[in-house]
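The file query-v4.csv contains CSV, C-alpha atoms and all ligand atoms:
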```csv
chain,number,residue,atom,x,y,z
R,1,MET,CA,-17.0,84.8,-66.7
R,2,THR,CA,-19.9,82.6,-65.9
R,3,GLU,CA,-21.8,84.5,-63.3
R,4,ARG,CA,-24.1,86.4,-65.5
R,5,ASP,CA,-27.6,85.1,-65.2
R,6,THR,CA,-29.5,85.5,-68.4
R,7,ARG,CA,-31.8,82.6,-68.4
R,8,ILE,CA,-34.4,83.5,-70.9
R,9,ASP,CA,-37.9,82.5,-71.9
R,10,ILE,CA,-37.4,80.9,-75.3
R,11,ALA,CA,-40.3,81.3,-77.6
R,12,LEU,CA,-38.7,79.7,-80.6
R,13,THR,CA,-36.7,76.6,-80.6
R,14,ALA,CA,-33.4,76.2,-82.4
R,15,SER,CA,-33.6,77.5,-85.9
R,16,ALA,CA,-33.0,75.2,-88.8
R,17,PRO,CA,-29.3,74.8,-89.4
R,18,ALA,CA,-29.5,76.3,-92.8
R,19,ALA,CA,-30.1,79.9,-91.7
R,20,ALA,CA,-28.8,82.5,-89.3
R,21,GLY,CA,-31.2,84.4,-87.2
R,22,ASP,CA,-32.2,86.7,-89.9
R,23,GLY,CA,-32.2,84.0,-92.5
R,24,ALA,CA,-29.2,85.4,-94.3
R,25,ARG,CA,-26.3,83.2,-95.0
R,26,VAL,CA,-23.1,83.9,-93.1
R,27,PRO,CA,-20.0,84.1,-95.2
R,28,THR,CA,-17.5,81.3,-94.8
R,29,ALA,CA,-13.7,81.2,-95.4
R,30,ALA,CA,-14.2,78.7,-98.2
R,31,GLY,CA,-12.3,80.0,-101.3
R,32,SER,CA,-11.2,83.2,-99.6
R,33,ASN,CA,-7.7,84.6,-99.6
R,34,GLY,CA,-5.2,86.3,-97.4
R,35,ARG,CA,-5.9,88.3,-94.3
R,36,ASN,CA,-9.3,88.1,-92.6
R,37,LEU,CA,-10.1,91.9,-92.3
R,38,PHE,CA,-12.1,91.2,-89.1
R,39,ASP,CA,-8.7,90.6,-87.5
R,40,LEU,CA,-7.4,94.1,-88.0
R,41,SER,CA,-7.9,97.3,-85.9
R,42,ARG,CA,-8.3,100.6,-87.8
R,43,VAL,CA,-4.5,101.3,-87.7
R,44,GLU,CA,-3.7,97.8,-88.8
R,45,LEU,CA,-6.1,98.0,-91.6
R,46,GLU,CA,-4.7,101.3,-92.7
R,47,ASP,CA,-1.2,99.7,-92.6
R,48,PHE,CA,-2.5,96.8,-94.7
R,49,PHE,CA,-3.9,99.1,-97.3
R,50,GLU,CA,-0.7,101.1,-97.5
R,51,GLN,CA,1.9,98.3,-97.2
R,52,THR,CA,0.2,95.3,-98.8
R,53,LEU,CA,-2.1,96.8,-101.3
R,54,GLY,CA,-0.2,100.0,-102.1
R,55,GLU,CA,-3.3,102.1,-101.5
R,56,LYS,CA,-4.1,105.3,-99.6
R,57,ARG,CA,-4.8,104.7,-95.9
R,58,TYR,CA,-8.2,106.3,-96.0
R,59,ARG,CA,-9.5,103.5,-98.2
R,60,ALA,CA,-9.4,101.4,-95.1
R,61,HIS,CA,-12.1,103.6,-93.6
R,62,GLN,CA,-14.4,102.9,-96.5
R,63,VAL,CA,-14.0,99.2,-96.1
R,64,MET,CA,-14.5,99.4,-92.3
R,65,LYS,CA,-17.8,101.1,-92.9
R,66,TRP,CA,-18.9,98.5,-95.4
R,67,ILE,CA,-18.1,95.7,-93.0
R,68,HIS,CA,-19.2,97.1,-89.6
R,69,HIS,CA,-21.9,99.6,-90.5
R,70,ARG,CA,-23.5,97.9,-93.5
R,71,TYR,CA,-22.6,94.3,-92.8
R,72,VAL,CA,-21.2,93.8,-96.4
R,73,THR,CA,-18.5,91.2,-96.6
R,74,ASP,CA,-18.3,90.8,-100.4
R,75,PHE,CA,-15.8,93.2,-101.8
R,76,GLY,CA,-17.7,93.1,-105.1
R,77,GLN,CA,-20.6,94.9,-103.4
R,78,MET,CA,-18.4,97.7,-102.0
R,79,THR,CA,-19.5,100.1,-104.7
R,80,ASP,CA,-17.5,103.1,-103.8
R,81,LEU,CA,-14.3,101.2,-104.3
R,82,GLY,CA,-12.7,101.1,-107.7
R,83,LYS,CA,-12.6,97.9,-109.7
R,84,ALA,CA,-8.8,97.6,-109.4
R,85,LEU,CA,-9.0,98.0,-105.6
R,86,ARG,CA,-11.7,95.4,-105.3
R,87,GLY,CA,-9.6,93.0,-107.4
R,88,LYS,CA,-6.6,93.6,-105.0
R,89,LEU,CA,-8.8,93.0,-102.0
R,90,GLU,CA,-10.1,89.8,-103.5
R,91,ALA,CA,-6.5,88.6,-104.1
R,92,HIS,CA,-5.2,89.5,-100.6
R,93,ALA,CA,-8.0,89.5,-98.1
R,94,HIS,CA,-11.4,88.2,-97.1
R,95,VAL,CA,-14.0,88.9,-94.5
R,96,HIS,CA,-15.0,85.8,-92.6
R,97,ALA,CA,-17.5,85.9,-89.7
R,98,PRO,CA,-18.2,83.0,-87.3
R,99,SER,CA,-20.8,80.6,-88.7
R,100,VAL,CA,-24.2,80.6,-87.1
R,101,VAL,CA,-24.9,76.9,-86.2
R,102,PHE,CA,-28.2,77.8,-84.7
R,103,ASP,CA,-29.9,80.6,-82.8
R,104,LYS,CA,-32.8,81.1,-80.5
R,105,ALA,CA,-35.0,84.0,-79.7
R,106,SER,CA,-37.1,84.8,-76.6
R,107,GLU,CA,-40.3,86.7,-76.5
R,108,ASP,CA,-38.7,89.5,-74.6
R,109,GLY,CA,-36.2,90.0,-77.4
R,110,THR,CA,-33.3,88.2,-75.8
R,111,HIS,CA,-31.4,86.2,-78.4
R,112,LYS,CA,-28.8,83.6,-78.3
R,113,TRP,CA,-26.5,82.3,-81.0
R,114,LEU,CA,-24.3,79.2,-81.1
R,115,LEU,CA,-21.4,80.2,-83.3
R,116,GLY,CA,-19.0,77.7,-84.9
R,117,MET,CA,-15.4,78.9,-84.7
R,118,ASP,CA,-13.9,75.9,-86.5
R,119,ALA,CA,-14.9,72.3,-87.3
R,120,LYS,CA,-14.7,71.3,-83.6
R,121,ASN,CA,-15.3,74.5,-81.5
R,122,ALA,CA,-18.3,76.6,-80.9
R,123,ILE,CA,-19.2,79.3,-78.4
R,124,GLU,CA,-22.4,81.1,-77.5
R,125,THR,CA,-23.2,84.8,-77.7
R,126,VAL,CA,-26.2,86.3,-76.0
R,127,TYR,CA,-28.1,89.6,-76.6
R,128,ILE,CA,-30.1,91.0,-73.7
R,129,PRO,CA,-32.4,93.9,-74.3
R,130,ASP,CA,-33.4,96.0,-71.3
R,131,LYS,CA,-34.8,99.4,-70.7
R,132,GLY,CA,-33.1,101.7,-73.2
R,133,ARG,CA,-30.1,99.4,-73.8
R,134,GLY,CA,-29.1,96.3,-75.6
R,135,THR,CA,-26.2,94.3,-74.2
R,136,LEU,CA,-24.2,91.7,-76.0
R,137,CYS,CA,-22.3,89.1,-73.9
R,138,VAL,CA,-19.2,88.1,-75.9
R,139,SER,CA,-16.8,85.2,-75.4
R,140,SER,CA,-13.0,85.4,-75.5
R,141,GLN,CA,-11.9,81.8,-75.4
R,142,VAL,CA,-13.2,78.4,-76.1
R,143,GLY,CA,-13.4,76.9,-72.6
R,144,CYS,CA,-11.3,78.3,-69.8
R,145,ALA,CA,-8.2,77.2,-67.9
R,146,LEU,CA,-9.0,79.0,-64.6
R,147,ASN,CA,-11.1,76.3,-63.1
R,148,CYS,CA,-13.5,78.4,-61.0
R,149,GLN,CA,-15.4,75.9,-59.0
R,150,PHE,CA,-18.9,77.2,-59.6
R,151,CYS,CA,-18.5,77.5,-63.4
R,152,SER,CA,-19.7,75.1,-65.9
R,153,THR,CA,-17.2,76.3,-68.5
R,154,ALA,CA,-14.4,75.2,-66.2
R,155,THR,CA,-15.7,71.6,-66.5
R,156,GLN,CA,-14.8,71.5,-70.2
R,157,GLY,CA,-11.3,72.8,-69.7
R,158,PHE,CA,-9.4,75.1,-72.1
R,159,ASN,CA,-9.5,74.6,-75.8
R,160,ARG,CA,-8.0,77.7,-77.3
R,161,ASN,CA,-8.1,81.5,-77.5
R,162,LEU,CA,-10.4,83.1,-79.9
R,163,THR,CA,-8.9,85.3,-82.6
R,164,THR,CA,-9.8,89.0,-82.9
R,165,ALA,CA,-11.9,88.1,-85.9
R,166,GLU,CA,-13.8,85.5,-83.8
R,167,ILE,CA,-14.4,88.0,-81.0
R,168,ILE,CA,-15.5,90.9,-83.2
R,169,GLY,CA,-17.3,88.5,-85.4
R,170,GLN,CA,-19.7,87.8,-82.5
R,171,VAL,CA,-20.6,91.5,-82.4
R,172,TRP,CA,-21.0,91.5,-86.2
R,173,VAL,CA,-23.3,88.6,-86.3
R,174,ALA,CA,-25.5,90.0,-83.5
R,175,ALA,CA,-25.4,93.6,-84.9
R,176,ARG,CA,-26.4,92.4,-88.4
R,177,HIS,CA,-29.2,90.3,-87.1
R,178,LEU,CA,-30.5,93.3,-85.0
R,179,GLY,CA,-30.3,95.7,-87.9
R,180,ASN,CA,-28.0,97.8,-85.7
R,181,VAL,CA,-26.8,101.0,-87.4
R,182,PRO,CA,-23.9,102.6,-85.5
R,183,HIS,CA,-24.5,106.3,-84.7
R,184,GLN,CA,-28.1,106.2,-86.0
R,185,GLN,CA,-30.2,103.2,-85.0
R,186,ARG,CA,-28.5,101.6,-82.0
R,187,LYS,CA,-29.8,98.3,-81.0
R,188,LEU,CA,-26.5,97.2,-79.6
R,189,THR,CA,-25.5,99.7,-76.9
R,190,ASN,CA,-23.3,97.7,-74.6
R,191,VAL,CA,-20.8,94.8,-74.9
R,192,VAL,CA,-19.7,92.8,-71.9
R,193,MET,CA,-16.7,90.5,-72.2
R,194,MET,CA,-18.3,88.1,-69.8
R,195,GLY,CA,-18.9,85.1,-72.1
R,196,MET,CA,-16.8,82.0,-72.2
R,197,GLY,CA,-13.2,82.4,-71.1
R,198,GLU,CA,-10.9,84.8,-69.1
R,199,PRO,CA,-10.6,87.8,-71.4
R,200,LEU,CA,-7.3,88.9,-69.9
R,201,ALA,CA,-5.7,85.6,-70.7
R,202,ASN,CA,-6.3,86.4,-74.4
R,203,PHE,CA,-5.1,89.9,-74.0
R,204,ASP,CA,-4.0,91.1,-77.4
R,205,ASN,CA,-6.9,89.7,-79.3
R,206,VAL,CA,-9.4,91.0,-76.8
R,207,VAL,CA,-7.9,94.5,-76.6
R,208,ARG,CA,-7.8,94.7,-80.4
R,209,ALA,CA,-11.5,93.6,-80.7
R,210,MET,CA,-12.5,96.1,-78.0
R,211,SER,CA,-10.8,98.9,-80.0
R,212,ILE,CA,-13.0,98.0,-83.0
R,213,MET,CA,-16.1,97.9,-80.8
R,214,ARG,CA,-15.3,101.5,-79.7
R,215,ASP,CA,-14.1,102.8,-83.0
R,216,ASP,CA,-16.4,105.2,-84.9
R,217,LEU,CA,-15.7,103.2,-88.0
R,218,GLY,CA,-16.5,100.0,-86.0
R,219,TYR,CA,-19.5,99.9,-83.6
R,220,GLY,CA,-19.0,103.3,-82.1
R,221,LEU,CA,-19.5,102.3,-78.5
R,222,ALA,CA,-18.4,104.6,-75.7
R,223,ASN,CA,-15.6,103.3,-73.5
R,224,LYS,CA,-17.8,102.9,-70.5
R,225,ARG,CA,-20.2,100.8,-72.6
R,226,VAL,CA,-17.6,98.1,-73.1
R,227,THR,CA,-17.0,96.1,-70.0
R,228,LEU,CA,-14.3,93.6,-69.4
R,229,SER,CA,-14.8,91.1,-66.7
R,230,THR,CA,-11.8,89.3,-65.1
R,231,ALA,CA,-11.3,86.7,-62.4
R,232,GLY,CA,-8.3,88.9,-61.3
R,233,MET,CA,-5.3,88.6,-63.5
R,234,VAL,CA,-3.4,91.4,-61.8
R,235,PRO,CA,-0.5,92.2,-64.2
R,236,GLN,CA,-3.0,92.3,-67.1
R,237,ILE,CA,-5.3,94.6,-65.3
R,238,ASP,CA,-2.4,97.1,-65.0
R,239,LYS,CA,-1.6,96.6,-68.7
R,240,LEU,CA,-5.2,97.1,-69.6
R,241,GLY,CA,-5.1,100.4,-67.8
R,242,GLU,CA,-2.2,101.5,-69.9
R,243,LEU,CA,-3.8,100.7,-73.2
R,244,SER,CA,-7.5,101.0,-72.8
R,245,ASP,CA,-10.2,102.8,-71.0
R,246,VAL,CA,-13.0,100.3,-70.8
R,247,SER,CA,-15.2,99.5,-67.8
R,248,LEU,CA,-13.7,96.9,-65.5
R,249,ALA,CA,-15.6,94.2,-63.7
R,250,VAL,CA,-14.1,91.8,-61.3
R,251,SER,CA,-15.4,88.4,-60.4
R,252,LEU,CA,-15.0,88.5,-56.7
R,253,HIS,CA,-17.5,86.0,-55.2
R,254,ALA,CA,-15.9,85.9,-51.8
R,255,PRO,CA,-14.6,88.6,-49.5
R,256,VAL,CA,-11.8,86.7,-47.8
R,257,ASP,CA,-8.9,84.8,-49.2
R,258,GLU,CA,-9.5,81.4,-47.7
R,259,LEU,CA,-13.0,81.1,-49.4
R,260,ARG,CA,-12.0,82.9,-52.6
R,261,SER,CA,-9.0,80.6,-53.1
R,262,GLU,CA,-11.4,77.7,-52.9
R,263,LEU,CA,-13.9,79.2,-55.4
R,264,VAL,CA,-11.5,81.0,-57.7
R,265,PRO,CA,-8.2,79.2,-57.7
R,266,LEU,CA,-6.5,82.2,-59.3
R,267,ASN,CA,-6.8,83.9,-55.9
R,268,LYS,CA,-3.9,81.8,-54.7
R,269,LYS,CA,-1.7,83.6,-57.1
R,270,TYR,CA,-3.3,87.1,-56.8
R,271,PRO,CA,-4.9,87.3,-53.3
R,272,ILE,CA,-7.6,89.8,-52.6
R,273,ASP,CA,-5.4,92.6,-51.3
R,274,VAL,CA,-3.2,92.4,-54.4
R,275,LEU,CA,-6.3,92.3,-56.6
R,276,MET,CA,-7.9,95.2,-54.9
R,277,ASP,CA,-4.7,97.3,-55.2
R,278,ALA,CA,-4.8,96.7,-58.9
R,279,CYS,CA,-8.4,97.8,-59.1
R,280,VAL,CA,-7.5,100.9,-57.2
R,281,ARG,CA,-4.7,101.7,-59.7
R,282,TYR,CA,-7.2,101.1,-62.5
R,283,ALA,CA,-9.8,103.4,-61.0
R,284,LEU,CA,-7.2,106.1,-60.1
R,285,ARG,CA,-6.1,106.5,-63.7
R,286,LYS,CA,-9.2,108.6,-64.4
R,287,PRO,CA,-11.3,110.6,-61.9
R,288,GLY,CA,-14.8,109.2,-61.5
R,289,THR,CA,-14.0,105.6,-62.5
R,290,SER,CA,-15.9,102.9,-60.7
R,291,VAL,CA,-15.3,99.2,-60.7
R,292,THR,CA,-18.0,96.5,-60.6
R,293,PHE,CA,-17.5,93.6,-58.3
R,294,GLU,CA,-19.5,90.5,-59.2
R,295,TYR,CA,-20.7,88.3,-56.4
R,296,THR,CA,-22.4,85.1,-57.2
R,297,LEU,CA,-24.5,84.0,-54.2
R,298,MET,CA,-24.2,80.3,-53.4
R,299,LYS,CA,-26.3,78.8,-50.7
R,300,GLY,CA,-24.4,78.2,-47.4
R,301,VAL,CA,-21.1,79.0,-49.1
R,302,ASN,CA,-20.8,82.8,-49.3
R,303,ASP,CA,-24.3,84.1,-48.4
R,304,GLN,CA,-24.0,84.4,-44.7
R,305,PRO,CA,-24.2,87.7,-42.7
R,306,GLN,CA,-20.5,87.6,-41.9
R,307,HIS,CA,-19.8,87.4,-45.7
R,308,ALA,CA,-21.9,90.5,-46.2
R,309,ARG,CA,-20.0,92.4,-43.5
R,310,ASP,CA,-16.7,91.4,-44.9
R,311,LEU,CA,-17.8,92.4,-48.3
R,312,VAL,CA,-18.8,95.9,-47.0
R,313,ARG,CA,-15.5,96.3,-45.4
R,314,LEU,CA,-13.7,95.5,-48.6
R,315,MET,CA,-15.9,97.8,-50.7
R,316,LYS,CA,-15.6,100.7,-48.3
R,317,ALA,CA,-11.8,100.3,-48.3
R,318,PHE,CA,-11.9,100.6,-52.1
R,319,ASP,CA,-14.0,103.7,-51.9
R,320,ARG,CA,-11.6,105.3,-49.5
R,321,ALA,CA,-8.6,104.4,-51.6
R,322,VAL,CA,-10.0,106.0,-54.7
R,323,GLN,CA,-11.6,108.8,-52.6
R,324,MET,CA,-15.0,108.4,-54.2
R,325,LYS,CA,-18.2,107.2,-52.4
R,326,GLY,CA,-19.8,104.4,-54.5
R,327,ALA,CA,-16.7,103.8,-56.6
R,328,ALA,CA,-17.1,100.1,-55.7
R,329,LYS,CA,-20.3,98.7,-57.3
R,330,ILE,CA,-21.6,95.3,-56.3
R,331,ASN,CA,-23.5,93.1,-58.6
R,332,LEU,CA,-25.3,90.2,-56.8
R,333,ILE,CA,-25.9,87.2,-59.0
R,334,PRO,CA,-27.9,84.3,-57.7
R,335,PHE,CA,-26.1,81.1,-58.6
R,336,ASN,CA,-27.6,79.4,-61.6
R,337,PRO,CA,-27.3,75.6,-61.2
R,338,PHE,CA,-26.0,73.4,-64.0
R,339,PRO,CA,-25.8,69.6,-64.2
R,340,GLY,CA,-23.3,68.1,-61.9
R,341,THR,CA,-22.6,71.2,-59.8
R,342,ARG,CA,-22.3,70.9,-56.0
R,343,PHE,CA,-23.5,74.4,-55.4
R,344,GLU,CA,-27.1,75.6,-54.9
R,345,ARG,CA,-28.9,78.9,-55.4
R,346,PRO,CA,-29.9,80.5,-52.1
R,347,SER,CA,-33.6,81.1,-51.4
R,348,ASP,CA,-35.1,84.4,-52.5
R,349,ALA,CA,-35.4,85.4,-48.9
R,350,ALA,CA,-31.7,84.7,-48.3
R,351,ILE,CA,-30.8,86.7,-51.3
R,352,ARG,CA,-32.9,89.6,-50.2
R,353,GLY,CA,-31.5,89.3,-46.7
R,354,PHE,CA,-27.9,89.5,-48.0
R,355,GLN,CA,-28.8,92.5,-50.2
R,356,LYS,CA,-30.5,94.2,-47.2
R,357,LEU,CA,-27.3,94.0,-45.1
R,358,LEU,CA,-25.3,95.6,-47.9
R,359,ASN,CA,-28.0,98.3,-48.4
R,360,GLU,CA,-28.1,99.1,-44.7
R,361,ALA,CA,-24.3,99.6,-44.8
R,362,GLY,CA,-24.8,102.2,-47.6
R,363,MET,CA,-23.9,100.0,-50.5
R,364,ILE,CA,-25.9,99.8,-53.7
R,365,ALA,CA,-26.1,96.1,-54.7
R,366,PRO,CA,-28.6,95.2,-57.3
R,367,VAL,CA,-29.5,91.6,-57.8
R,368,ARG,CA,-29.2,90.5,-61.4
R,369,ARG,CA,-32.5,89.7,-62.8
R,370,THR,CA,-33.3,86.2,-63.9
R,371,ARG,CA,-34.7,86.1,-67.4
R,372,GLY,CA,-36.3,82.7,-67.3
R,373,ASP,CA,-35.6,79.2,-66.4
R,374,ASP,CA,-36.3,77.1,-69.4
R,375,ILE,CA,-32.9,77.6,-71.0
R,376,ASP,CA,-29.5,77.6,-69.5
R,377,ALA,CA,-28.3,80.9,-71.0
R,378,ALA,CA,-26.0,82.2,-68.3
R,379,CYS,CA,-22.5,82.4,-69.6
R,380,GLY,CA,-21.3,79.3,-67.8
R,381,GLN,CA,-24.3,77.4,-68.7
R,382,LEU,CA,-24.1,78.5,-72.3
R,383,LYS,CA,-20.7,77.3,-72.4
R,384,GLY,CA,-21.6,74.1,-70.7
R,385,GLN,CA,-24.1,73.3,-73.4
R,386,VAL,CA,-21.2,73.0,-75.8
R,387,ALA,CA,-19.6,70.4,-73.7
R,388,ASP,CA,-22.4,68.8,-71.7
R,389,ARG,CA,-24.3,65.8,-73.0
R,390,THR,CA,-27.5,67.7,-73.2
R,391,ARG,CA,-30.1,67.3,-75.9
R,392,ARG,CA,-28.9,70.5,-77.5
R,393,GLN,CA,-25.3,69.4,-77.4
R,394,ALA,CA,-26.1,66.1,-78.9
R,395,ASP,CA,-27.9,68.0,-81.6
R,396,PHE,CA,-25.0,70.3,-82.1
R,397,ARG,CA,-22.5,67.4,-82.3
R,398,ARG,CA,-24.7,65.6,-84.7
R,399,ARG,CA,-24.7,68.6,-87.0
R,400,LEU,CA,-21.0,69.0,-86.7
R,401,ASP,CA,-20.5,65.3,-87.5
R,402,THR,CA,-22.8,65.2,-90.4
R,403,GLN,CA,-22.4,68.7,-91.9
R,404,GLY,CA,-19.5,70.5,-90.4
R,405,VAL,CA,-19.9,73.9,-88.8
R,406,ASP,CA,-19.6,75.9,-92.0
R,407,ASP,CA,-22.1,73.7,-93.8
R,408,ALA,CA,-24.5,73.9,-90.9
R,409,ALA,CA,-24.5,77.7,-91.1
R,501,LIG,S1,-13.5,79.3,-65.1
R,501,LIG,FE1,-13.1,80.9,-66.6
R,501,LIG,S2,-15.0,81.4,-67.5
R,501,LIG,FE2,-15.4,80.3,-65.6
R,501,LIG,S3,-15.8,81.9,-64.1
R,501,LIG,FE3,-13.6,81.3,-64.0
R,501,LIG,S4,-12.6,82.8,-65.3
R,501,LIG,FE4,-14.8,82.8,-65.8
```
Translate this structure into structure tokens?
Ligand code: SF4
Amino acid sequence: MTERDTRIDIALTASAPAAAGDGARVPTAAGSNGRNLFDLSRVELEDFFEQTLGEKRYRAHQVMKWIHHRYVTDFGQMTDLGKALRGKLEAHAHVHAPSVVFDKASEDGTHKWLLGMDAKNAIETVYIPDKGRGTLCVSSQVGCALNCQFCSTATQGFNRNLTTAEIIGQVWVAARHLGNVPHQQRKLTNVVMMGMGEPLANFDNVVRAMSIMRDDLGYGLANKRVTLSTAGMVPQIDKLGELSDVSLAVSLHAPVDELRSELVPLNKKYPIDVLMDACVRYALRKPGTSVTFEYTLMKGVNDQPQHARDLVRLMKAFDRAVQMKGAAKINLIPFNPFPGTRFERPSDAAIRGFQKLLNEAGMIAPVRRTRGDDIDAACGQLKGQVADRTRRQADFRRRLDTQGVDDAA
């Protein structure tokens, strides 16, 4: 999703290409063998140990802790594994994280990484600290095929799905940089699948990665602290509800079909009433479940009083359907302009006016805070930087051309 507004005040410029944020070198696939263990959930890793390595299943737990808790990727440094097992692992597996092409830090602790996924593709991952929490925004695809009209990612089209390793690798890179220690020293408390791409269009890899995020042997995040944001892929919302229990966010952006179909073309396939029914089913699986509806405010497009009234009607219908007041949570996101867009951000007064109408109708509707204007760090804008001919993109391309992603890390 592109709506998240995380523009940040950058205190440091792009780091030298030779180092990740903490100066440590990120492992590469060069010379490695077999399965990338980042690709495997706990059960799959246990199967791998039993079936491929002929080892006890619990050995997989030791390796998961080395990788996700201690950020060790060299089997030779996994000192509680016997020499014979380390040899087998070296012959049949490797642990390969995305390469850090460059990273940036803000004075308020916000941090952004440009991560190379292969020789031609890169994505951005952003860490946003806030009162008592640290949220990582993670991408699921390189580009996106859904073509939402206000999204800069859409302008670059769809390149490919990310693998599970490339998704969980974003968490690993950030957690390692932050010195995060699951269960003890949590710097990373929340993950939102709101980066580049439609997560439900890469269902299996995303669900597997989210299982590692929530696994005690992975990052130990509670279900509600992992949020998946979708433009509204209805069959996959139902499937997600069968397999997972993460928080659900829906990119709504318009309360009526005519406008939403214009902004989010997927709405033509799954109109609002069909989408809302799927959200109700998701919420009804478990008492007390709420759903967040993201609403990017665009000047003169969806920010008028009638839009607010229609939005209230929709949200109240959702609350009634799940029999819980406040089950529908609204997140207002002022549009963050990017080069070439036809949309504009409403004035602060217009944003406050829209919010007031929602509040007067009893809805809680926070306005997502802007974290600075000197860098385009909102998801869509981040993504756009990979494709746009901006100074940073030119710099990135130059590095790819001259050094390759892996060498640039
Ligand atoms: S085009 Fe894709 S990434 Fe952009 S808002 Fe739509 S679903 Fe999200």
Next item on the list: Pick out the closest residue to ligand LIG 501 (chain R) from this set: R:Arg35, R:Arg260, R:Arg369, R:Arg342. Count all atoms listed in the file.
Entry: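 Closest to ligand LIG 501 (chain R) of all the choices is R:Arg260.
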Just want the 7 Å neighbourhood of range 162-165 of chain R, counted on all atoms listed in the file, with same-chain residues fewer than 6 positions away dropped. Output as a short mmCIF file (atom, residue, chain, number, x, y, z; two decimals) with C-alpha atoms, in the frame of the given file.
```
data_model
loop_
_atom_site.label_atom_id
_atom_site.label_comp_id
_atom_site.auth_asym_id
_atom_site.auth_seq_id
_atom_site.Cartn_x
_atom_site.Cartn_y
_atom_site.Cartn_z
CA PHE R 38 -12.10 91.20 -89.10
CA ASP R 39 -8.70 90.60 -87.50
CA SER R 140 -13.00 85.40 -75.50
CA GLN R 141 -11.90 81.80 -75.40
CA VAL R 142 -13.20 78.40 -76.10
CA ASN R 205 -6.90 89.70 -79.30
CA VAL R 206 -9.40 91.00 -76.80
CA ARG R 208 -7.80 94.70 -80.40
CA ALA R 209 -11.50 93.60 -80.70
#
```
Next item on the list: Find the distance between CA of Met64 in chain R and CA of Met78 in chain R and write it in Å to one decimal.
Entry: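 If I compute the distance from CA of Met64 in chain R to CA of Met78 in chain R, I get 10.6 Å.
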Checklist line | Best match for closeness to Asp216 in chain R among R:Ala175, R:Leu263, R:Val181, R:Val191, counting all atoms listed in the file | finding: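 Using all atoms listed in the file, Asp216 in chain R sits closest to R:Val181.
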Next item on the list: Enter the distance from CA of Val256 in chain R to CA of Ile272 in chain R, in Å, rounded to one decimal.
Entry: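 Pair CA of Val256 in chain R / CA of Ile272 in chain R returns 7.1 Å.
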Item checked: Selection within 10 Å of ligand LIG 501 (chain R) by all atoms listed in the file, output as number ranges by chain -> R: 1-4, 139-158, 194-201, 229-233, 250-253, 263-266, 379-381, 383
Note to self: Need to verify the contact set: Arg309 in chain R, 8 Å, only C-alpha atoms, exclusion of same-chain residues closer than 3 positions in sequence. Can you return it as a VMD selection string?
What the structure shows: chain R and resid 305 to 306 312 to 313 357 to 358
Checklist line | Separation of CA of Val291 in chain R from CA of Gly326 in chain R, in Å and rounded to one decimal | finding: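 Going from CA of Val291 in chain R over to CA of Gly326 in chain R covers 9.3 Å.
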Margin query: Just want the 10 Å neighbourhood of Asn180 in chain R, counted on only C-alpha atoms, with same-chain residues fewer than 3 positions away dropped. Output as a list in words.
Written below: His68, His69, Arg70, Tyr71, Trp172, Ala174, Ala175, Arg176, His177, His183, Gln184, Gln185, Arg186, Lys187, Leu188, Thr189 and Tyr219 of chain R
Next item on the list: Choose the residue, out of R:Phe338, R:Tyr282, R:Phe354, R:Phe318, that has the smallest atom-to-atom separation from Leu297 in chain R; count only C-alpha atoms.
Entry: R:Phe354
Checklist line | Distance query Ala222 in chain R at most 12 Å, only C-alpha atoms, self and fewer than 4 positions along chain excluded, as a list in words | finding: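 The residues that qualify are Pro182, His183, Leu188, Thr189, Asn190, Val191, Met210, Ser211, Ile212, Met213, Arg214, Asp215, Asp216, Gly218, Val226, Thr227, Ser244, Asp245, Val246 and Ser247 of chain R.
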Kindly output range 143-150 of chain R as a PDB file, in the frame of the given file, after building N, CA and C atoms.
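The resulting file, result-v2.pdb, is reproduced below:
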```pdb
ATOM      1  N   GLY R 143     -13.710  77.466 -73.928  1.00  0.00           N
ATOM      2  CA  GLY R 143     -13.400  76.900 -72.600  1.00  0.00           C
ATOM      3  C   GLY R 143     -12.601  77.890 -71.788  1.00  0.00           C
ATOM      4  N   CYS R 144     -12.053  77.428 -70.686  1.00  0.00           N
ATOM      5  CA  CYS R 144     -11.300  78.300 -69.800  1.00  0.00           C
ATOM      6  C   CYS R 144     -10.411  77.458 -68.909  1.00  0.00           C
ATOM      7  N   ALA R 145      -9.212  77.982 -68.640  1.00  0.00           N
ATOM      8  CA  ALA R 145      -8.200  77.200 -67.900  1.00  0.00           C
ATOM      9  C   ALA R 145      -8.280  77.559 -66.378  1.00  0.00           C
ATOM     10  N   LEU R 146      -9.089  78.513 -65.964  1.00  0.00           N
ATOM     11  CA  LEU R 146      -9.000  79.000 -64.600  1.00  0.00           C
ATOM     12  C   LEU R 146      -9.689  78.176 -63.549  1.00  0.00           C
ATOM     13  N   ASN R 147     -10.568  77.325 -63.973  1.00  0.00           N
ATOM     14  CA  ASN R 147     -11.100  76.300 -63.100  1.00  0.00           C
ATOM     15  C   ASN R 147     -11.887  76.843 -61.878  1.00  0.00           C
ATOM     16  N   CYS R 148     -12.626  77.904 -62.060  1.00  0.00           N
ATOM     17  CA  CYS R 148     -13.500  78.400 -61.000  1.00  0.00           C
ATOM     18  C   CYS R 148     -14.500  77.296 -60.650  1.00  0.00           C
ATOM     19  N   GLN R 149     -14.687  77.063 -59.363  1.00  0.00           N
ATOM     20  CA  GLN R 149     -15.400  75.900 -59.000  1.00  0.00           C
ATOM     21  C   GLN R 149     -16.895  75.875 -59.245  1.00  0.00           C
ATOM     22  N   PHE R 150     -17.452  77.048 -59.421  1.00  0.00           N
ATOM     23  CA  PHE R 150     -18.900  77.200 -59.600  1.00  0.00           C
ATOM     24  C   PHE R 150     -19.245  77.380 -61.089  1.00  0.00           C
TER      25      PHE R 150
END
```
